[in-house]
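This is data_1.tsv. It holds TSV, C-alpha atoms.
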chain	number	residue	atom	x	y	z
Q	1	MET	CA	-47.87	-14.80	-57.88
Q	2	LYS	CA	-49.57	-15.79	-54.65
Q	3	ALA	CA	-50.87	-13.14	-52.25
Q	4	LEU	CA	-52.32	-13.31	-48.77
Q	5	VAL	CA	-54.97	-10.67	-48.21
Q	6	THR	CA	-56.06	-10.48	-44.58
Q	7	GLY	CA	-59.48	-8.98	-43.96
Q	8	ALA	CA	-60.67	-10.27	-47.34
Q	9	ALA	CA	-64.34	-10.22	-46.28
Q	10	GLY	CA	-63.95	-6.57	-45.29
Q	11	PHE	CA	-64.62	-3.50	-47.37
Q	12	ILE	CA	-61.13	-2.80	-48.71
Q	13	GLY	CA	-60.00	-6.43	-48.62
Q	14	PHE	CA	-62.92	-7.52	-50.80
Q	15	HIS	CA	-62.22	-4.93	-53.50
Q	16	LEU	CA	-58.47	-5.55	-53.37
Q	17	SER	CA	-58.89	-9.33	-53.66
Q	18	LYS	CA	-61.09	-8.87	-56.73
Q	19	ARG	CA	-58.50	-6.62	-58.33
Q	20	LEU	CA	-55.60	-8.99	-57.64
Q	21	LEU	CA	-57.58	-11.93	-59.03
Q	22	ASP	CA	-58.27	-9.90	-62.18
Q	23	ARG	CA	-54.51	-9.39	-62.49
Q	24	GLY	CA	-53.89	-13.13	-62.40
Q	25	TYR	CA	-52.84	-13.51	-58.77
Q	26	GLU	CA	-53.70	-16.52	-56.68
Q	27	VAL	CA	-55.31	-15.02	-53.56
Q	28	VAL	CA	-55.75	-16.55	-50.13
Q	29	GLY	CA	-58.23	-14.38	-48.27
Q	30	LEU	CA	-57.93	-14.63	-44.51
Q	31	ASP	CA	-60.92	-13.43	-42.50
Q	32	ALA	CA	-62.41	-14.46	-39.17
Q	33	VAL	CA	-65.82	-13.01	-40.20
Q	34	THR	CA	-66.43	-11.38	-36.82
Q	35	ASP	CA	-69.74	-9.77	-35.86
Q	36	TYR	CA	-68.36	-6.25	-35.38
Q	37	TYR	CA	-70.82	-5.33	-38.14
Q	38	ASP	CA	-73.32	-7.19	-40.35
Q	39	VAL	CA	-71.98	-10.70	-40.97
Q	40	GLY	CA	-74.42	-11.08	-43.87
Q	41	LEU	CA	-72.66	-8.29	-45.76
Q	42	LYS	CA	-69.29	-9.96	-45.18
Q	43	ARG	CA	-70.64	-13.32	-46.36
Q	44	ALA	CA	-72.08	-11.66	-49.49
Q	45	ARG	CA	-68.65	-10.25	-50.33
Q	46	LEU	CA	-67.05	-13.65	-49.77
Q	47	ALA	CA	-69.65	-15.35	-51.97
Q	48	ILE	CA	-68.53	-13.19	-54.90
Q	49	LEU	CA	-64.86	-13.93	-54.25
Q	50	ASN	CA	-65.49	-17.67	-53.84
Q	51	GLU	CA	-67.00	-17.75	-57.32
Q	52	THR	CA	-63.72	-16.49	-58.79
Q	53	LYS	CA	-61.00	-18.89	-59.91
Q	54	GLY	CA	-57.85	-18.53	-57.85
Q	55	PHE	CA	-59.47	-17.48	-54.55
Q	56	THR	CA	-59.38	-19.47	-51.32
Q	57	HIS	CA	-60.95	-18.33	-48.05
Q	58	ALA	CA	-59.02	-19.10	-44.88
Q	59	GLU	CA	-61.45	-18.52	-42.01
Q	60	MET	CA	-59.25	-17.91	-39.00
Q	61	ASP	CA	-58.25	-15.29	-36.47
Q	62	LEU	CA	-55.01	-13.34	-36.80
Q	63	SER	CA	-54.33	-13.91	-33.11
Q	64	ASP	CA	-54.34	-17.74	-33.49
Q	65	GLN	CA	-50.58	-18.23	-33.49
Q	66	ALA	CA	-50.51	-21.94	-34.38
Q	67	ARG	CA	-52.87	-21.63	-37.34
Q	68	MET	CA	-51.12	-18.51	-38.61
Q	69	GLN	CA	-47.76	-20.29	-38.54
Q	70	GLU	CA	-49.22	-23.28	-40.39
Q	71	LEU	CA	-50.82	-21.02	-43.02
Q	72	PHE	CA	-47.53	-19.30	-43.83
Q	73	GLU	CA	-45.51	-22.51	-43.87
Q	74	THR	CA	-47.90	-24.39	-46.16
Q	75	GLN	CA	-48.85	-21.58	-48.57
Q	76	ARG	CA	-45.53	-19.75	-49.12
Q	77	PHE	CA	-46.82	-16.34	-50.18
Q	78	ASP	CA	-45.01	-13.93	-52.48
Q	79	TYR	CA	-46.89	-10.91	-51.15
Q	80	VAL	CA	-48.83	-10.25	-47.95
Q	81	ILE	CA	-51.31	-7.38	-47.71
Q	82	ASN	CA	-52.53	-7.01	-44.13
Q	83	LEU	CA	-55.88	-5.23	-43.99
Q	84	ALA	CA	-57.43	-7.22	-41.12
Q	85	ALA	CA	-57.86	-5.17	-37.99
Q	86	GLN	CA	-60.30	-4.23	-35.31
Q	87	ALA	CA	-61.59	-1.04	-36.89
Q	88	GLY	CA	-63.33	2.00	-35.47
Q	89	VAL	CA	-62.07	4.89	-33.38
Q	90	ARG	CA	-65.04	5.07	-31.01
Q	91	TYR	CA	-65.29	1.32	-30.39
Q	92	SER	CA	-61.72	1.41	-29.06
Q	93	LEU	CA	-63.02	3.34	-26.05
Q	94	ILE	CA	-65.42	0.49	-25.27
Q	95	ASN	CA	-63.48	-2.69	-26.08
Q	96	PRO	CA	-59.74	-1.96	-26.03
Q	97	LYS	CA	-58.71	-5.62	-25.71
Q	98	SER	CA	-59.96	-6.44	-29.21
Q	99	TYR	CA	-57.57	-3.83	-30.62
Q	100	VAL	CA	-54.59	-5.28	-28.78
Q	101	ASP	CA	-55.46	-8.84	-29.85
Q	102	ALA	CA	-56.07	-8.15	-33.55
Q	103	ASN	CA	-54.01	-5.08	-34.32
Q	104	ILE	CA	-50.90	-5.77	-32.24
Q	105	VAL	CA	-50.73	-9.46	-31.31
Q	106	GLY	CA	-52.16	-10.57	-34.65
Q	107	PHE	CA	-49.82	-8.27	-36.55
Q	108	SER	CA	-46.82	-9.77	-34.73
Q	109	TYR	CA	-47.78	-13.18	-36.16
Q	110	ILE	CA	-48.00	-11.64	-39.63
Q	111	LEU	CA	-44.48	-10.29	-39.23
Q	112	GLU	CA	-43.19	-13.64	-37.98
Q	113	GLY	CA	-44.82	-15.48	-40.86
Q	114	CYS	CA	-43.29	-13.12	-43.41
Q	115	ARG	CA	-39.88	-13.29	-41.76
Q	116	HIS	CA	-39.64	-17.08	-41.73
Q	117	THR	CA	-41.10	-17.89	-45.15
Q	118	GLY	CA	-39.32	-15.46	-47.48
Q	119	VAL	CA	-42.23	-13.13	-48.28
Q	120	LYS	CA	-41.08	-10.61	-50.91
Q	121	HIS	CA	-43.09	-7.66	-49.60
Q	122	LEU	CA	-45.40	-6.98	-46.65
Q	123	VAL	CA	-47.89	-4.17	-47.24
Q	124	PHE	CA	-50.02	-3.21	-44.25
Q	125	ALA	CA	-52.87	-0.84	-43.54
Q	126	SER	CA	-52.14	2.04	-41.24
Q	127	SER	CA	-54.55	4.97	-40.89
Q	128	SER	CA	-54.82	8.74	-41.12
Q	129	SER	CA	-55.79	8.49	-37.44
Q	130	VAL	CA	-52.10	8.26	-36.54
Q	131	TYR	CA	-51.78	12.01	-37.16
Q	132	GLY	CA	-53.70	12.57	-33.92
Q	133	LEU	CA	-53.05	16.03	-32.52
Q	134	ASN	CA	-51.12	17.19	-35.61
Q	135	THR	CA	-52.62	20.37	-37.10
Q	136	LYS	CA	-50.24	21.25	-39.95
Q	137	MET	CA	-52.11	20.57	-43.19
Q	138	PRO	CA	-51.88	18.63	-45.40
Q	139	PHE	CA	-50.65	15.73	-43.27
Q	140	SER	CA	-47.23	14.60	-44.47
Q	141	VAL	CA	-45.60	11.20	-43.99
Q	142	HIS	CA	-42.41	13.13	-43.19
Q	143	ASP	CA	-43.98	14.67	-40.06
Q	144	ASN	CA	-43.75	13.23	-36.56
Q	145	VAL	CA	-46.87	11.29	-35.47
Q	146	ASP	CA	-46.30	10.64	-31.78
Q	147	HIS	CA	-49.58	11.99	-30.39
Q	148	PRO	CA	-52.46	9.63	-31.28
Q	149	ILE	CA	-55.77	10.32	-29.52
Q	150	SER	CA	-57.37	6.87	-29.67
Q	151	LEU	CA	-56.19	3.34	-28.98
Q	152	TYR	CA	-57.08	2.47	-32.57
Q	153	ALA	CA	-54.66	5.13	-33.81
Q	154	ALA	CA	-52.02	4.02	-31.32
Q	155	SER	CA	-52.33	0.42	-32.52
Q	156	LYS	CA	-51.78	1.54	-36.11
Q	157	LYS	CA	-48.71	3.55	-35.13
Q	158	SER	CA	-47.52	0.44	-33.29
Q	159	ASN	CA	-47.82	-1.51	-36.55
Q	160	GLU	CA	-45.56	1.00	-38.27
Q	161	LEU	CA	-42.94	0.72	-35.53
Q	162	MET	CA	-43.10	-3.09	-35.38
Q	163	ALA	CA	-42.79	-3.36	-39.17
Q	164	HIS	CA	-39.76	-1.08	-39.17
Q	165	ALA	CA	-38.02	-3.22	-36.56
Q	166	TYR	CA	-38.53	-6.36	-38.66
Q	167	SER	CA	-37.52	-4.55	-41.81
Q	168	TYR	CA	-34.30	-3.38	-40.18
Q	169	LEU	CA	-33.42	-6.61	-38.39
Q	170	PHE	CA	-34.43	-9.15	-41.02
Q	171	LYS	CA	-34.35	-7.11	-44.25
Q	172	LEU	CA	-38.07	-7.70	-44.72
Q	173	PRO	CA	-39.46	-5.17	-47.23
Q	174	CYS	CA	-42.40	-3.43	-45.54
Q	175	THR	CA	-44.71	-0.65	-46.70
Q	176	GLY	CA	-47.35	0.99	-44.51
Q	177	LEU	CA	-50.35	2.77	-46.03
Q	178	ARG	CA	-52.20	5.51	-44.19
Q	179	PHE	CA	-55.73	5.41	-45.60
Q	180	PHE	CA	-57.90	8.55	-45.52
Q	181	THR	CA	-61.68	8.09	-44.99
Q	182	VAL	CA	-62.43	5.36	-47.52
Q	183	TYR	CA	-65.96	5.13	-48.97
Q	184	GLY	CA	-67.78	3.40	-51.81
Q	185	PRO	CA	-69.92	0.36	-52.75
Q	186	TRP	CA	-69.84	-2.58	-50.32
Q	187	GLY	CA	-68.67	-0.22	-47.58
Q	188	ARG	CA	-68.92	-0.65	-43.82
Q	189	PRO	CA	-72.37	-0.02	-42.28
Q	190	ASP	CA	-70.82	1.87	-39.36
Q	191	MET	CA	-69.28	4.51	-41.62
Q	192	ALA	CA	-70.82	7.96	-42.10
Q	193	LEU	CA	-71.95	7.63	-45.73
Q	194	PHE	CA	-73.79	4.38	-44.95
Q	195	LEU	CA	-75.49	5.86	-41.88
Q	196	PHE	CA	-76.40	9.09	-43.68
Q	197	THR	CA	-77.89	7.26	-46.68
Q	198	LYS	CA	-79.96	4.96	-44.47
Q	199	GLY	CA	-81.21	7.84	-42.32
Q	200	ILE	CA	-82.14	10.09	-45.24
Q	201	LEU	CA	-84.02	7.33	-47.08
Q	202	GLU	CA	-85.88	6.33	-43.90
Q	203	GLY	CA	-86.61	9.93	-42.92
Q	204	THR	CA	-84.84	9.63	-39.57
Q	205	PRO	CA	-82.36	12.20	-38.15
Q	206	ILE	CA	-78.67	11.79	-38.98
Q	207	ASN	CA	-76.04	12.60	-36.36
Q	208	ILE	CA	-73.56	15.21	-37.61
Q	209	PHE	CA	-70.57	15.52	-35.31
Q	210	ASN	CA	-68.54	18.65	-34.59
Q	211	HIS	CA	-71.66	20.59	-35.60
Q	212	GLY	CA	-70.99	19.85	-39.27
Q	213	LYS	CA	-67.51	21.35	-39.21
Q	214	MET	CA	-65.68	18.05	-39.65
Q	215	ARG	CA	-63.36	18.10	-42.67
Q	216	ARG	CA	-62.23	14.91	-44.32
Q	217	ASP	CA	-60.12	13.76	-47.25
Q	218	PHE	CA	-62.78	11.37	-48.58
Q	219	THR	CA	-61.13	8.71	-50.76
Q	220	TYR	CA	-63.05	6.46	-53.14
Q	221	ILE	CA	-62.44	2.72	-52.85
Q	222	ASP	CA	-61.19	2.27	-56.45
Q	223	ASP	CA	-58.47	4.85	-55.80
Q	224	ILE	CA	-57.44	3.07	-52.62
Q	225	VAL	CA	-57.19	-0.27	-54.43
Q	226	GLU	CA	-55.20	1.20	-57.31
Q	227	GLY	CA	-52.75	2.69	-54.83
Q	228	VAL	CA	-52.41	-0.56	-52.89
Q	229	VAL	CA	-51.74	-2.63	-56.02
Q	230	ARG	CA	-49.12	-0.21	-57.32
Q	231	VAL	CA	-47.39	-0.02	-53.96
Q	232	THR	CA	-47.44	-3.82	-53.53
Q	233	GLU	CA	-45.54	-4.25	-56.79
Q	234	HIS	CA	-43.10	-1.44	-55.87
Q	235	ILE	CA	-40.81	-3.06	-53.31
Q	236	PRO	CA	-38.85	-0.59	-51.14
Q	237	SER	CA	-35.08	-0.92	-51.12
Q	238	GLY	CA	-34.05	1.52	-48.39
Q	239	ASN	CA	-33.07	5.18	-48.41
Q	240	SER	CA	-29.30	5.55	-48.74
Q	241	ALA	CA	-29.56	9.25	-47.86
Q	242	TRP	CA	-31.37	8.62	-44.58
Q	243	SER	CA	-29.70	10.27	-41.59
Q	244	GLY	CA	-30.10	9.60	-37.89
Q	245	ASP	CA	-29.24	13.26	-37.25
Q	246	THR	CA	-32.43	14.34	-39.03
Q	247	PRO	CA	-34.50	11.14	-39.12
Q	248	ASP	CA	-37.24	10.99	-41.74
Q	249	PRO	CA	-40.20	9.04	-40.23
Q	250	SER	CA	-41.42	7.78	-43.62
Q	251	THR	CA	-38.22	6.10	-44.84
Q	252	SER	CA	-35.25	4.21	-43.45
Q	253	PRO	CA	-31.91	2.69	-44.42
Q	254	ALA	CA	-33.95	-0.54	-44.14
Q	255	PRO	CA	-36.37	-1.56	-46.94
Q	256	TYR	CA	-39.26	0.34	-45.37
Q	257	LYS	CA	-41.66	3.06	-46.55
Q	258	ILE	CA	-44.82	4.85	-45.41
Q	259	TYR	CA	-47.34	6.43	-47.82
Q	260	ASN	CA	-50.53	8.41	-47.49
Q	261	ILE	CA	-53.37	7.32	-49.76
Q	262	GLY	CA	-55.95	10.10	-49.79
Q	263	ASN	CA	-57.81	12.21	-52.31
Q	264	ASN	CA	-55.64	15.27	-51.54
Q	265	ASN	CA	-58.83	17.33	-51.45
Q	266	VAL	CA	-60.34	18.19	-48.07
Q	267	VAL	CA	-64.16	18.43	-47.98
Q	268	GLU	CA	-66.35	19.77	-45.19
Q	269	LEU	CA	-68.90	17.26	-43.92
Q	270	GLU	CA	-71.81	19.58	-44.75
Q	271	ARG	CA	-70.77	19.59	-48.40
Q	272	TYR	CA	-70.52	15.81	-48.37
Q	273	ILE	CA	-74.09	15.59	-47.06
Q	274	GLU	CA	-75.34	18.10	-49.64
Q	275	VAL	CA	-73.96	15.96	-52.48
Q	276	LEU	CA	-75.64	12.90	-50.97
Q	277	GLU	CA	-78.95	14.77	-50.69
Q	278	ASN	CA	-78.73	15.75	-54.35
Q	279	VAL	CA	-78.07	12.16	-55.43
Q	280	LEU	CA	-80.91	10.78	-53.27
Q	281	GLY	CA	-83.29	13.59	-54.17
Q	282	LYS	CA	-84.21	14.00	-50.52
Q	283	LYS	CA	-83.16	16.29	-47.67
Q	284	ALA	CA	-81.61	15.08	-44.45
Q	285	ILE	CA	-83.00	15.74	-40.99
Q	286	ARG	CA	-79.91	17.02	-39.20
Q	287	ASN	CA	-79.00	16.37	-35.58
Q	288	TYR	CA	-75.89	18.43	-34.80
Q	289	MET	CA	-73.60	17.05	-32.10
Q	290	PRO	CA	-70.22	17.94	-30.55
Q	291	LEU	CA	-66.91	16.37	-31.57
Q	292	GLN	CA	-66.66	12.88	-30.10
Q	293	ALA	CA	-63.76	11.58	-28.04
Q	294	GLY	CA	-61.04	10.10	-30.23
Q	295	ASP	CA	-62.15	11.91	-33.40
Q	296	VAL	CA	-59.95	14.48	-35.12
Q	297	PRO	CA	-61.67	17.55	-36.62
Q	298	ALA	CA	-59.84	17.42	-39.96
Q	299	THR	CA	-57.76	15.14	-42.20
Q	300	TYR	CA	-55.97	16.09	-45.41
Q	301	ALA	CA	-53.40	13.93	-47.21
Q	302	ASP	CA	-50.14	15.00	-48.77
Q	303	VAL	CA	-49.65	12.34	-51.48
Q	304	ASP	CA	-46.49	13.67	-53.13
Q	305	ASP	CA	-44.47	10.56	-52.24
Q	306	LEU	CA	-47.13	8.25	-53.70
Q	307	VAL	CA	-47.14	10.23	-56.95
Q	308	ALA	CA	-43.34	10.34	-57.14
Q	309	ASP	CA	-42.78	6.64	-56.44
Q	310	VAL	CA	-45.66	4.85	-58.18
Q	311	GLY	CA	-47.10	7.54	-60.47
Q	312	PHE	CA	-50.60	7.56	-59.01
Q	313	LYS	CA	-52.77	10.21	-57.39
Q	314	PRO	CA	-56.35	9.47	-56.24
Q	315	ASN	CA	-58.75	11.72	-58.14
Q	316	THR	CA	-62.35	10.45	-57.89
Q	317	SER	CA	-64.66	13.35	-56.99
Q	318	ILE	CA	-67.19	12.98	-54.20
Q	319	GLU	CA	-69.95	13.63	-56.75
Q	320	GLU	CA	-68.91	10.58	-58.76
Q	321	GLY	CA	-68.07	8.39	-55.77
Q	322	ILE	CA	-71.26	9.09	-53.80
Q	323	ALA	CA	-73.40	8.44	-56.89
Q	324	LYS	CA	-71.77	5.02	-57.32
Q	325	PHE	CA	-72.28	4.20	-53.66
Q	326	VAL	CA	-75.97	5.14	-53.76
Q	327	GLU	CA	-76.49	3.06	-56.89
Q	328	TRP	CA	-75.02	0.03	-55.09
Q	329	TYR	CA	-76.94	0.75	-51.86
Q	330	ARG	CA	-80.29	0.90	-53.67
Q	331	TRP	CA	-79.48	-2.37	-55.46
Q	332	TYR	CA	-78.20	-4.28	-52.43
Q	333	TYR	CA	-80.88	-3.15	-49.98
Q	334	LYS	CA	-83.65	-2.78	-52.58
Q	335	ALA	CA	-84.12	0.74	-51.23
Structure translated into structure tokens:
Amino acid sequence: MKALVTGAAGFIGFHLSKRLLDRGYEVVGLDAVTDYYDVGLKRARLAILNETKGFTHAEMDLSDQARMQELFETQRFDYVINLAAQAGVRYSLINPKSYVDANIVGFSYILEGCRHTGVKHLVFASSSSVYGLNTKMPFSVHDNVDHPISLYAASKKSNELMAHAYSYLFKLPCTGLRFFTVYGPWGRPDMALFLFTKGILEGTPINIFNHGKMRRDFTYIDDIVEGVVRVTEHIPSGNSAWSGDTPDPSTSPAPYKIYNIGNNNVVELERYIEVLENVLGKKAIRNYMPLQAGDVPATYADVDDLVADVGFKPNTSIEEGIAKFVEWYRWYYKA
């Protein structure tokens, strides 16, 4: 089987590509290697993938229509897993155009490529951010998500709507995955665990938003990858019981499905920091700050559909996951 993994030099894309290669897939890893964060870290991930038989790096931008069309026509993928995106809630307040270019225009070229080359299944990354102003916990894929509070979240909701249109019109099997606060080795330097670890080790204050009352469904990278692989090989066929009178947002008469992938265990940010302090053997200097624009105070995933359809529920504890991250961080940065 041949898979296209977009964002292969990124955190999730790197781990997913490794896993697919281990399963015998041929993987083409598309990544523009932008400078949104440390390019050296991205190149280090790619170096590991390039040493593995069956991997090819395609260095290009999702929004390059001509090159995207050529890639699909020459490679003829069985599966496409779209993880490439302009990430970050707060950055979307500063540079909105990058979100439109990568997350909406680029995704339209993914859809076109899949449509015209007979891709068996398109799996794409959405985000827990789409739940926006929703407050009913845990967040369910069967709930309405029409009130995003950042352009990043809106772009991810747009992906879900665009994918459904293609699924309905062209019978393209599509599955969207709403990831919940992913962390682990080789993670993004702009994420909280990375920033907290660096600050604690250096003895500098760490910024704790919403005065430490943020609650997150922290999900370890290995659990995310396991969920993505299982979903990729579980192609949706459409819901024959779907009704337009009571429309279910997560399914369709078309071959389309939405899943949450989260740990199903909400943790307060203060507890997360305490576990990190215990692993590092050092206390943090705390700088409490208000909730930032675009951030939601809490996320919590209902994963019942994921369990029912592919038999998997993320279960890595933050104690285990943070310890593995710190071990990698000390090795990579010689800290």
Inset, instruction - For Asn263 in chain Q, list every protein, DNA or RNA residue within 9 Å, evaluated using all atoms listed in the file, and leave out those in the same chain fewer than 3 positions away; present the list as a PyMOL selection string. - result: chain Q and resi 180+217-220+223+266+300-303+313-317
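The environment of Ser126 in chain Q within 6 Å, counting only C-alpha atoms and disregarding residues fewer than 6 places along the same chain, consists of Lys156, Gly176, Leu177 and Arg178 of chain Q.
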List as a Markdown table every residue of range 162-251 of chain Q that is in contact with range 99-115 of chain Q, defined as an atom at most 12 Å from one of its atoms (using only C-alpha atoms), together with the nearest atom pair and the distance in Å rounded to one decimal, sorted by chain and then rising number.
| residue | atom | partner | partner_atom | distance |
| --- | --- | --- | --- | --- |
| Q:Met162 | CA | Q:Ser108 | CA | 7.7 |
| Q:Ala163 | CA | Q:Leu111 | CA | 7.1 |
| Q:His164 | CA | Q:Leu111 | CA | 10.3 |
| Q:Ala165 | CA | Q:Leu111 | CA | 9.9 |
| Q:Tyr166 | CA | Q:Leu111 | CA | 7.2 |
| Q:Ser167 | CA | Q:Arg115 | CA | 9.1 |
| Q:Tyr168 | CA | Q:Arg115 | CA | 11.5 |
| Q:Leu169 | CA | Q:Arg115 | CA | 9.9 |
| Q:Phe170 | CA | Q:Arg115 | CA | 6.9 |
| Q:Lys171 | CA | Q:Arg115 | CA | 8.7 |
| Q:Leu172 | CA | Q:Arg115 | CA | 6.6 |
| Q:Pro173 | CA | Q:Cys114 | CA | 9.6 |
| Q:Cys174 | CA | Q:Leu111 | CA | 9.5 |
Legend entry - Non-local contacts of Ile322 in chain Q (10 Å; only C-alpha atoms; under 6 positions in same chain excluded) as a list of chain:residue names: Q:Tyr183, Q:Gly184, Q:Pro185, Q:Leu193, Q:Thr197, Q:Tyr220, Q:Tyr272, Q:Ile273, Q:Val275, Q:Leu276, Q:Val279, Q:Leu280, Q:Thr316, Q:Trp328
Legend entry - Nearest candidate to Gly7 in chain Q (options Q:Leu21, Q:Ile81, Q:Leu41, Q:Leu49; using all atoms listed in the file): Q:Ile81
Inset, instruction - Please measure the separation of CA of Asp248 in chain Q and CA of His142 in chain Q, giving the value in Å to one decimal. - result: 5.8 Å
Legend entry - Point (-64.8, -18.0, -53.1) neighbourhood (12 Å, only C-alpha atoms) written as a VMD selection string: chain Q and resid 8 to 9 14 17 to 18 21 26 to 30 43 to 59
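Across Q:Val33, Q:Leu4, Q:Ile285, Q:Ile149, the tightest approach to Asn207 in chain Q is made by Q:Ile285 when counting only C-alpha atoms.
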Inset, instruction - Fewer than 2 positions away in the same chain doesn't count, so skip those; otherwise give me all residues within 9 Å of Thr232 in chain Q, counting only C-alpha atoms, as a list in words. - result: Tyr79, Val80, Ile81, His121, Leu122, Val123, Thr175, Gly227, Val228, Val229, Arg230, His234 and Ile235 of chain Q
Legend entry - Shell around range 239-246 of chain Q at 9 Å using all atoms listed in the file, local window under 5 positions removed, as a ChimeraX atom specification: /Q:251-256
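In terms of minimum interatomic distance to Pro138 in chain Q, Q:Asp304 ranks closest within Q:Glu319, Q:Glu268, Q:Asp304, Q:Asp35, counting only C-alpha atoms.
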